[in-house]
file my_file.cif (mmCIF, C-alpha atoms and all ligand atoms)
data_work
#
loop_
_atom_site.label_atom_id
_atom_site.label_comp_id
_atom_site.auth_asym_id
_atom_site.auth_seq_id
_atom_site.Cartn_x
_atom_site.Cartn_y
_atom_site.Cartn_z
CA MET J 28 17.88 -38.85 34.49
CA SER J 29 15.88 -36.22 36.34
CA ALA J 30 12.65 -38.15 36.44
CA ALA J 31 11.49 -40.47 39.24
CA SER J 32 8.23 -38.54 39.45
CA THR J 33 6.26 -41.56 38.29
CA PRO J 34 6.68 -45.16 39.39
CA GLU J 35 7.56 -46.11 35.79
CA SER J 36 10.33 -43.56 35.42
CA THR J 37 14.01 -44.36 35.60
CA THR J 38 15.39 -44.91 39.07
CA VAL J 39 18.41 -42.76 39.84
CA ASN J 40 20.87 -44.02 42.44
CA THR J 41 22.50 -41.16 44.31
CA ALA J 42 25.87 -42.96 44.47
CA ASP J 43 25.95 -43.39 40.67
CA LEU J 44 24.84 -39.79 40.18
CA TYR J 45 27.56 -38.53 42.51
CA ASP J 46 30.16 -40.56 40.58
CA GLU J 47 28.98 -38.90 37.36
CA ARG J 48 28.68 -35.33 38.55
CA GLY J 49 30.87 -35.07 41.66
CA ASP J 50 31.18 -31.64 43.20
CA GLU J 51 28.47 -30.16 40.98
CA LEU J 52 26.29 -31.75 43.64
CA ALA J 53 26.14 -31.09 47.38
CA SER J 54 25.61 -34.13 49.59
CA VAL J 55 23.74 -33.97 52.90
CA ALA J 56 25.74 -35.80 55.57
CA LEU J 57 23.01 -35.68 58.21
CA GLN J 58 21.33 -39.09 58.43
CA PHE J 59 17.71 -38.67 57.37
CA GLN J 60 15.39 -41.67 57.55
CA SER J 61 13.66 -42.94 54.39
CA LEU J 62 10.03 -43.15 55.48
CA GLY J 63 7.88 -43.05 52.33
CA GLY J 64 6.66 -45.83 50.07
CA ARG J 65 8.88 -44.56 47.27
CA SER J 66 12.54 -45.07 48.14
CA HIS J 67 14.07 -43.19 45.17
CA PHE J 68 12.69 -39.79 44.25
CA SER J 69 13.81 -36.57 42.68
CA GLY J 70 12.51 -33.34 41.25
CA PRO J 71 12.78 -29.59 41.28
CA ILE J 72 12.85 -28.12 44.76
CA ARG J 73 10.09 -26.12 46.44
CA THR J 74 10.72 -24.98 50.02
CA ILE J 75 9.09 -24.05 53.30
CA ARG J 76 10.75 -22.76 56.45
CA CYS J 77 8.65 -23.17 59.60
CA PHE J 78 8.98 -24.19 63.22
CA GLN J 79 6.50 -26.59 64.85
CA ASP J 80 3.72 -25.14 62.64
CA ASN J 81 2.59 -27.12 59.59
CA ALA J 82 -0.21 -24.99 58.11
CA LEU J 83 2.01 -23.96 55.18
CA VAL J 84 3.07 -27.58 54.62
CA LYS J 85 -0.57 -28.63 54.43
CA SER J 86 -1.66 -25.79 52.13
CA THR J 87 1.35 -26.16 49.81
CA LEU J 88 0.98 -29.93 49.41
CA ALA J 89 -2.69 -29.33 48.55
CA THR J 90 -1.60 -27.45 45.40
CA PRO J 91 -0.25 -29.07 42.20
CA GLY J 92 3.26 -30.42 42.74
CA ASN J 93 4.08 -31.24 39.10
CA GLY J 94 6.72 -33.72 40.24
CA SER J 95 8.45 -31.35 42.65
CA VAL J 96 10.05 -32.22 45.97
CA LEU J 97 9.00 -30.07 48.93
CA VAL J 98 11.93 -29.40 51.27
CA VAL J 99 10.74 -28.31 54.72
CA ASP J 100 13.25 -26.68 57.01
CA GLY J 101 11.64 -27.33 60.35
CA GLY J 102 14.73 -26.25 62.22
CA GLY J 103 15.54 -29.86 63.02
CA SER J 104 12.82 -29.98 65.66
CA LEU J 105 11.55 -33.41 66.65
CA GLY J 106 9.05 -31.81 69.05
CA THR J 107 6.03 -31.90 66.74
CA ALA J 108 5.09 -33.66 63.50
CA LEU J 109 5.08 -31.47 60.38
CA MET J 110 3.30 -34.07 58.21
CA GLY J 111 0.93 -36.96 58.83
CA ASP J 112 -0.80 -39.42 56.55
CA MET J 113 -3.60 -37.06 55.51
CA ILE J 114 -1.20 -34.37 54.32
CA ALA J 115 0.97 -37.02 52.67
CA GLU J 116 -2.07 -38.45 50.84
CA SER J 117 -2.84 -34.96 49.60
CA ALA J 118 0.73 -34.69 48.29
CA VAL J 119 0.27 -37.93 46.33
CA ALA J 120 -3.07 -36.76 44.94
CA ASN J 121 -1.51 -33.47 43.83
CA GLY J 122 1.45 -34.98 42.00
CA TRP J 123 4.35 -34.26 44.37
CA ALA J 124 7.34 -36.59 43.97
CA GLY J 125 8.30 -36.35 47.61
CA VAL J 126 8.89 -34.40 50.78
CA VAL J 127 12.14 -33.86 52.70
CA ILE J 128 11.53 -32.71 56.28
CA HIS J 129 14.27 -31.40 58.54
CA GLY J 130 12.03 -32.34 61.42
CA ALA J 131 9.48 -35.02 62.29
CA ILE J 132 6.48 -36.72 60.70
CA ARG J 133 3.76 -38.91 62.24
CA ASP J 134 1.66 -41.83 60.94
CA ARG J 135 4.81 -43.64 59.86
CA GLU J 136 3.08 -46.90 58.98
CA ALA J 137 0.52 -45.28 56.68
CA ILE J 138 3.12 -43.03 55.07
CA ALA J 139 5.33 -46.04 54.35
CA ARG J 140 2.50 -47.43 52.18
CA LEU J 141 2.05 -44.28 50.08
CA GLU J 142 3.51 -43.75 46.60
CA LEU J 143 5.52 -40.80 47.86
CA GLY J 144 9.16 -40.21 48.70
CA VAL J 145 9.61 -39.05 52.30
CA LYS J 146 12.82 -38.22 54.12
CA ALA J 147 12.61 -36.95 57.70
CA LEU J 148 14.67 -37.01 60.87
CA GLY J 149 12.14 -39.14 62.74
CA SER J 150 8.60 -39.16 64.09
CA ASN J 151 6.53 -37.79 66.94
CA PRO J 152 2.77 -38.29 67.45
CA ARG J 153 2.39 -34.75 68.78
CA LYS J 154 0.71 -32.46 66.24
CA SER J 155 2.04 -29.07 65.13
CA ALA J 156 0.48 -25.65 65.49
CA LYS J 157 -1.69 -24.52 62.55
CA ALA J 158 -1.17 -20.74 62.63
CA GLY J 159 0.63 -20.56 59.29
CA ALA J 160 3.88 -19.06 60.53
CA GLY J 161 6.79 -19.50 58.13
CA GLU J 162 8.06 -18.76 54.64
CA VAL J 163 7.51 -20.40 51.25
CA ASP J 164 10.03 -20.79 48.40
CA VAL J 165 12.98 -19.16 50.09
CA ASP J 166 16.49 -20.64 50.08
CA VAL J 167 16.83 -22.97 53.07
CA VAL J 168 20.02 -24.40 54.56
CA VAL J 169 19.95 -27.88 56.08
CA ASP J 170 23.11 -29.33 57.59
CA GLY J 171 25.17 -26.73 55.71
CA VAL J 172 23.60 -27.54 52.32
CA THR J 173 21.56 -24.88 50.51
CA PHE J 174 18.28 -25.92 48.88
CA ARG J 175 17.29 -23.33 46.27
CA PRO J 176 13.77 -23.37 44.83
CA GLY J 177 13.98 -24.70 41.27
CA ALA J 178 17.26 -26.60 41.73
CA MET J 179 17.12 -30.39 41.44
CA VAL J 180 17.27 -32.75 44.41
CA TRP J 181 17.74 -36.53 44.32
CA CYS J 182 16.98 -38.80 47.29
CA ASP J 183 17.36 -42.50 47.94
CA PRO J 184 18.26 -44.66 50.94
CA ASP J 185 21.93 -43.61 50.58
CA GLY J 186 21.17 -39.94 51.06
CA ILE J 187 20.29 -36.61 49.48
CA LEU J 188 22.08 -34.80 46.63
CA VAL J 189 21.33 -31.23 45.58
CA GLU J 190 22.43 -29.16 42.59
CA ARG J 191 24.72 -26.42 43.81
O1 LIG D 201 -2.76 -32.54 60.69
C1 LIG D 201 -1.57 -32.69 60.96
O2 LIG D 201 -0.95 -31.95 61.72
C2 LIG D 201 -0.83 -33.78 60.31
C3 LIG D 201 -1.61 -35.01 60.27
O3 LIG D 201 -1.94 -35.57 61.27
C4 LIG D 201 -1.98 -35.57 58.98
O4 LIG D 201 -1.50 -35.10 57.96
O5 LIG D 201 -2.71 -36.57 58.97
#
call {"tool": "encode", "arguments": {"input": "my_file.cif", "output": "structure tokens"}}
result
Amino acid sequence: MSAASTPESTTVNTADLYDERGDELASVALQFQSLGGRSHFSGPIRTIRCFQDNALVKSTLATPGNGSVLVVDGGGSLGTALMGDMIAESAVANGWAGVVIHGAIRDREAIARLELGVKALGSNPRKSAKAGAGEVDVDVVVDGVTFRPGAMVWCDPDGILVER
């Protein structure tokens, strides 16, 4: 049920999961785009909060993911890209199941070919700062939904469900 960290693992549909577990799960109403090559993904949450600075995103996705999903609270900014294809390739190489970005990515076409789940608000070719400002593994709130490090998240083209 919790898997989806390998292509062979069972696919979980968020609508079916919601029907099973109901209000144990919070649903994100904000309409994220599904931009990765893996449409269904899930895993324990890791988090980053940052604003138009992706140094922490890059360094975190370069460490072992062990099937986790990195949730990046970028403040909803579409002004700069918090992940491109190089960082996304590093996430694949390091065993991350996926990345949810409350913000923008770039290199859409390459990212769509990677074996990685990616949800983001959109894209912008403009790169982010690299100063390293932000926080890692704190609770983040996106569209009124709290993402706690260690809780499970499930994503597919229908949306995003999080353990309360
Ligand atoms: O370096 C960046 O800011 C993001 C990027 O382009 C990549 O991951 O390829």
call {"tool": "residues_near_ligand", "arguments": {"input": "my_file.cif", "ligand": "ligand LIG 201 (chain D)", "cutoff": "6 Å", "atoms": "all atoms listed in the file", "output": "PDB file with C-alpha atoms, keeping the file's coordinate frame"}}
result
ATOM      1  CA  MET J 110       3.300 -34.070  58.210  1.00  0.00           C
ATOM      2  CA  GLY J 111       0.930 -36.960  58.830  1.00  0.00           C
ATOM      3  CA  ASP J 112      -0.800 -39.420  56.550  1.00  0.00           C
ATOM      4  CA  MET J 113      -3.600 -37.060  55.510  1.00  0.00           C
ATOM      5  CA  ILE J 114      -1.200 -34.370  54.320  1.00  0.00           C
ATOM      6  CA  LYS J 154       0.710 -32.460  66.240  1.00  0.00           C
ATOM      7  CA  SER J 155       2.040 -29.070  65.130  1.00  0.00           C
TER       8      SER J 155
END
call {"tool": "atom_distance", "arguments": {"input": "my_file.cif", "atom1": "atom CA of J:Ala137", "atom2": "atom CA of J:Leu188"}}
result
26.0 Å
call {"tool": "atom_distance", "arguments": {"input": "my_file.cif", "atom1": "atom CA of J:Ala156", "atom2": "atom CA of J:Ala131"}}
result
13.4 Å
call {"tool": "closest_residue", "arguments": {"input": "my_file.cif", "among": "J:Pro152, J:Ala124, J:Ala53, J:Ile75", "to": "J:Asp166", "atoms": "only C-alpha atoms"}}
result
J:Ile75
call {"tool": "residues_near_point", "arguments": {"input": "my_file.cif", "point": "(22.3, -26.6, 50.5)", "cutoff": "9 Å", "atoms": "only C-alpha atoms", "output": "ChimeraX atom specification"}}
result
/J:53-55,166-175,189-191
call {"tool": "write_last_selection", "arguments": {"input": "my_file.cif", "atoms": "C-alpha atoms", "output": "mmCIF file, in the coordinates of the input"}}
result
data_model
loop_
_atom_site.group_PDB
_atom_site.id
_atom_site.type_symbol
_atom_site.label_atom_id
_atom_site.label_comp_id
_atom_site.auth_asym_id
_atom_site.auth_seq_id
_atom_site.Cartn_x
_atom_site.Cartn_y
_atom_site.Cartn_z
ATOM 1 C CA ALA J 53 26.140 -31.090 47.380
ATOM 2 C CA SER J 54 25.610 -34.130 49.590
ATOM 3 C CA VAL J 55 23.740 -33.970 52.900
ATOM 4 C CA ASP J 166 16.490 -20.640 50.080
ATOM 5 C CA VAL J 167 16.830 -22.970 53.070
ATOM 6 C CA VAL J 168 20.020 -24.400 54.560
ATOM 7 C CA VAL J 169 19.950 -27.880 56.080
ATOM 8 C CA ASP J 170 23.110 -29.330 57.590
ATOM 9 C CA GLY J 171 25.170 -26.730 55.710
ATOM 10 C CA VAL J 172 23.600 -27.540 52.320
ATOM 11 C CA THR J 173 21.560 -24.880 50.510
ATOM 12 C CA PHE J 174 18.280 -25.920 48.880
ATOM 13 C CA ARG J 175 17.290 -23.330 46.270
ATOM 14 C CA VAL J 189 21.330 -31.230 45.580
ATOM 15 C CA GLU J 190 22.430 -29.160 42.590
ATOM 16 C CA ARG J 191 24.720 -26.420 43.810
#
call {"tool": "closest_residue", "arguments": {"input": "my_file.cif", "among": "J:Gly103, J:Gly149, J:Pro184, J:Gly177", "to": "J:Asn40", "atoms": "all atoms listed in the file"}}
result
J:Pro184
call {"tool": "closest_residue", "arguments": {"input": "my_file.cif", "among": "J:Val99, J:Met179, J:Leu143, J:Val84", "to": "J:Val165", "atoms": "all atoms listed in the file"}}
result
J:Val99
call {"tool": "atom_distance", "arguments": {"input": "my_file.cif", "atom1": "atom CA of J:Val127", "atom2": "atom CA of J:Val96"}}
result
7.2 Å
call {"tool": "residues_around", "arguments": {"input": "my_file.cif", "residues": "J:Arg135", "least_positions_apart": "3", "cutoff": "7 Å", "atoms": "only C-alpha atoms", "output": "list in words"}}
result
Leu62, Ile138 and Ala139 of chain J
call {"tool": "write_last_selection", "arguments": {"input": "my_file.cif", "atoms": "C-alpha atoms", "output": "PDB file, keeping the file's coordinate frame"}}
result
ATOM      1  CA  LEU J  62      10.030 -43.150  55.480  1.00  0.00           C
ATOM      2  CA  ILE J 138       3.120 -43.030  55.070  1.00  0.00           C
ATOM      3  CA  ALA J 139       5.330 -46.040  54.350  1.00  0.00           C
TER       4      ALA J 139
END
call {"tool": "closest_residue", "arguments": {"input": "my_file.cif", "among": "J:Trp123, J:Phe68, J:Phe59, J:Tyr45", "to": "J:Asp183", "atoms": "all atoms listed in the file"}}
result
J:Phe68
call {"tool": "closest_atom_pairs", "arguments": {"input": "my_file.cif", "of": "stretch 87-141 of chain J", "to": "stretch 76-83 of chain J", "cutoff": "12 Å", "atoms": "all atoms listed in the file", "output": "JSON lines"}}
result
{"residue": "J:Thr87", "atom": "CA", "partner": "J:Leu83", "partner_atom": "CA", "distance": 5.8}
{"residue": "J:Leu88", "atom": "CA", "partner": "J:Leu83", "partner_atom": "CA", "distance": 8.4}
{"residue": "J:Ala89", "atom": "CA", "partner": "J:Leu83", "partner_atom": "CA", "distance": 9.7}
{"residue": "J:Thr90", "atom": "CA", "partner": "J:Leu83", "partner_atom": "CA", "distance": 11.0}
{"residue": "J:Leu97", "atom": "CA", "partner": "J:Arg76", "partner_atom": "CA", "distance": 10.6}
{"residue": "J:Val98", "atom": "CA", "partner": "J:Arg76", "partner_atom": "CA", "distance": 8.5}
{"residue": "J:Val99", "atom": "CA", "partner": "J:Arg76", "partner_atom": "CA", "distance": 5.8}
{"residue": "J:Asp100", "atom": "CA", "partner": "J:Arg76", "partner_atom": "CA", "distance": 4.7}
{"residue": "J:Gly101", "atom": "CA", "partner": "J:Phe78", "partner_atom": "CA", "distance": 5.0}
{"residue": "J:Gly102", "atom": "CA", "partner": "J:Phe78", "partner_atom": "CA", "distance": 6.2}
{"residue": "J:Gly103", "atom": "CA", "partner": "J:Phe78", "partner_atom": "CA", "distance": 8.7}
{"residue": "J:Ser104", "atom": "CA", "partner": "J:Gln79", "partner_atom": "CA", "distance": 7.2}
{"residue": "J:Leu105", "atom": "CA", "partner": "J:Gln79", "partner_atom": "CA", "distance": 8.7}
{"residue": "J:Gly106", "atom": "CA", "partner": "J:Gln79", "partner_atom": "CA", "distance": 7.2}
{"residue": "J:Thr107", "atom": "CA", "partner": "J:Gln79", "partner_atom": "CA", "distance": 5.7}
{"residue": "J:Ala108", "atom": "CA", "partner": "J:Gln79", "partner_atom": "CA", "distance": 7.3}
{"residue": "J:Leu109", "atom": "CA", "partner": "J:Asn81", "partner_atom": "CA", "distance": 5.1}
{"residue": "J:Met110", "atom": "CA", "partner": "J:Asn81", "partner_atom": "CA", "distance": 7.1}
{"residue": "J:Gly111", "atom": "CA", "partner": "J:Asn81", "partner_atom": "CA", "distance": 10.0}
{"residue": "J:Ile114", "atom": "CA", "partner": "J:Asn81", "partner_atom": "CA", "distance": 9.7}
{"residue": "J:Val127", "atom": "CA", "partner": "J:Arg76", "partner_atom": "CA", "distance": 11.8}
{"residue": "J:Ile128", "atom": "CA", "partner": "J:Arg76", "partner_atom": "CA", "distance": 10.0}
{"residue": "J:His129", "atom": "CA", "partner": "J:Arg76", "partner_atom": "CA", "distance": 9.6}
{"residue": "J:Gly130", "atom": "CA", "partner": "J:Gln79", "partner_atom": "CA", "distance": 8.7}
{"residue": "J:Ala131", "atom": "CA", "partner": "J:Gln79", "partner_atom": "CA", "distance": 9.3}
{"residue": "J:Ile132", "atom": "CA", "partner": "J:Asn81", "partner_atom": "CA", "distance": 10.4}
call {"tool": "write_last_selection", "arguments": {"input": "my_file.cif", "atoms": "C-alpha atoms", "output": "mmCIF file, keeping the file's coordinate frame"}}
result
data_model
loop_
_atom_site.group_PDB
_atom_site.id
_atom_site.type_symbol
_atom_site.label_atom_id
_atom_site.label_comp_id
_atom_site.auth_asym_id
_atom_site.auth_seq_id
_atom_site.Cartn_x
_atom_site.Cartn_y
_atom_site.Cartn_z
ATOM 1 C CA THR J 87 1.350 -26.160 49.810
ATOM 2 C CA LEU J 88 0.980 -29.930 49.410
ATOM 3 C CA ALA J 89 -2.690 -29.330 48.550
ATOM 4 C CA THR J 90 -1.600 -27.450 45.400
ATOM 5 C CA LEU J 97 9.000 -30.070 48.930
ATOM 6 C CA VAL J 98 11.930 -29.400 51.270
ATOM 7 C CA VAL J 99 10.740 -28.310 54.720
ATOM 8 C CA ASP J 100 13.250 -26.680 57.010
ATOM 9 C CA GLY J 101 11.640 -27.330 60.350
ATOM 10 C CA GLY J 102 14.730 -26.250 62.220
ATOM 11 C CA GLY J 103 15.540 -29.860 63.020
ATOM 12 C CA SER J 104 12.820 -29.980 65.660
ATOM 13 C CA LEU J 105 11.550 -33.410 66.650
ATOM 14 C CA GLY J 106 9.050 -31.810 69.050
ATOM 15 C CA THR J 107 6.030 -31.900 66.740
ATOM 16 C CA ALA J 108 5.090 -33.660 63.500
ATOM 17 C CA LEU J 109 5.080 -31.470 60.380
ATOM 18 C CA MET J 110 3.300 -34.070 58.210
ATOM 19 C CA GLY J 111 0.930 -36.960 58.830
ATOM 20 C CA ILE J 114 -1.200 -34.370 54.320
ATOM 21 C CA VAL J 127 12.140 -33.860 52.700
ATOM 22 C CA ILE J 128 11.530 -32.710 56.280
ATOM 23 C CA HIS J 129 14.270 -31.400 58.540
ATOM 24 C CA GLY J 130 12.030 -32.340 61.420
ATOM 25 C CA ALA J 131 9.480 -35.020 62.290
ATOM 26 C CA ILE J 132 6.480 -36.720 60.700
#
call {"tool": "closest_residue", "arguments": {"input": "my_file.cif", "among": "J:Val119, J:Val180, J:Val126, J:Leu52", "to": "J:Pro91", "atoms": "all atoms listed in the file"}}
result
J:Val119
call {"tool": "closest_residue", "arguments": {"input": "my_file.cif", "among": "J:Leu57, J:Ile187, J:Ala115, J:Ala42", "to": "J:Leu148", "atoms": "only C-alpha atoms"}}
result
J:Leu57
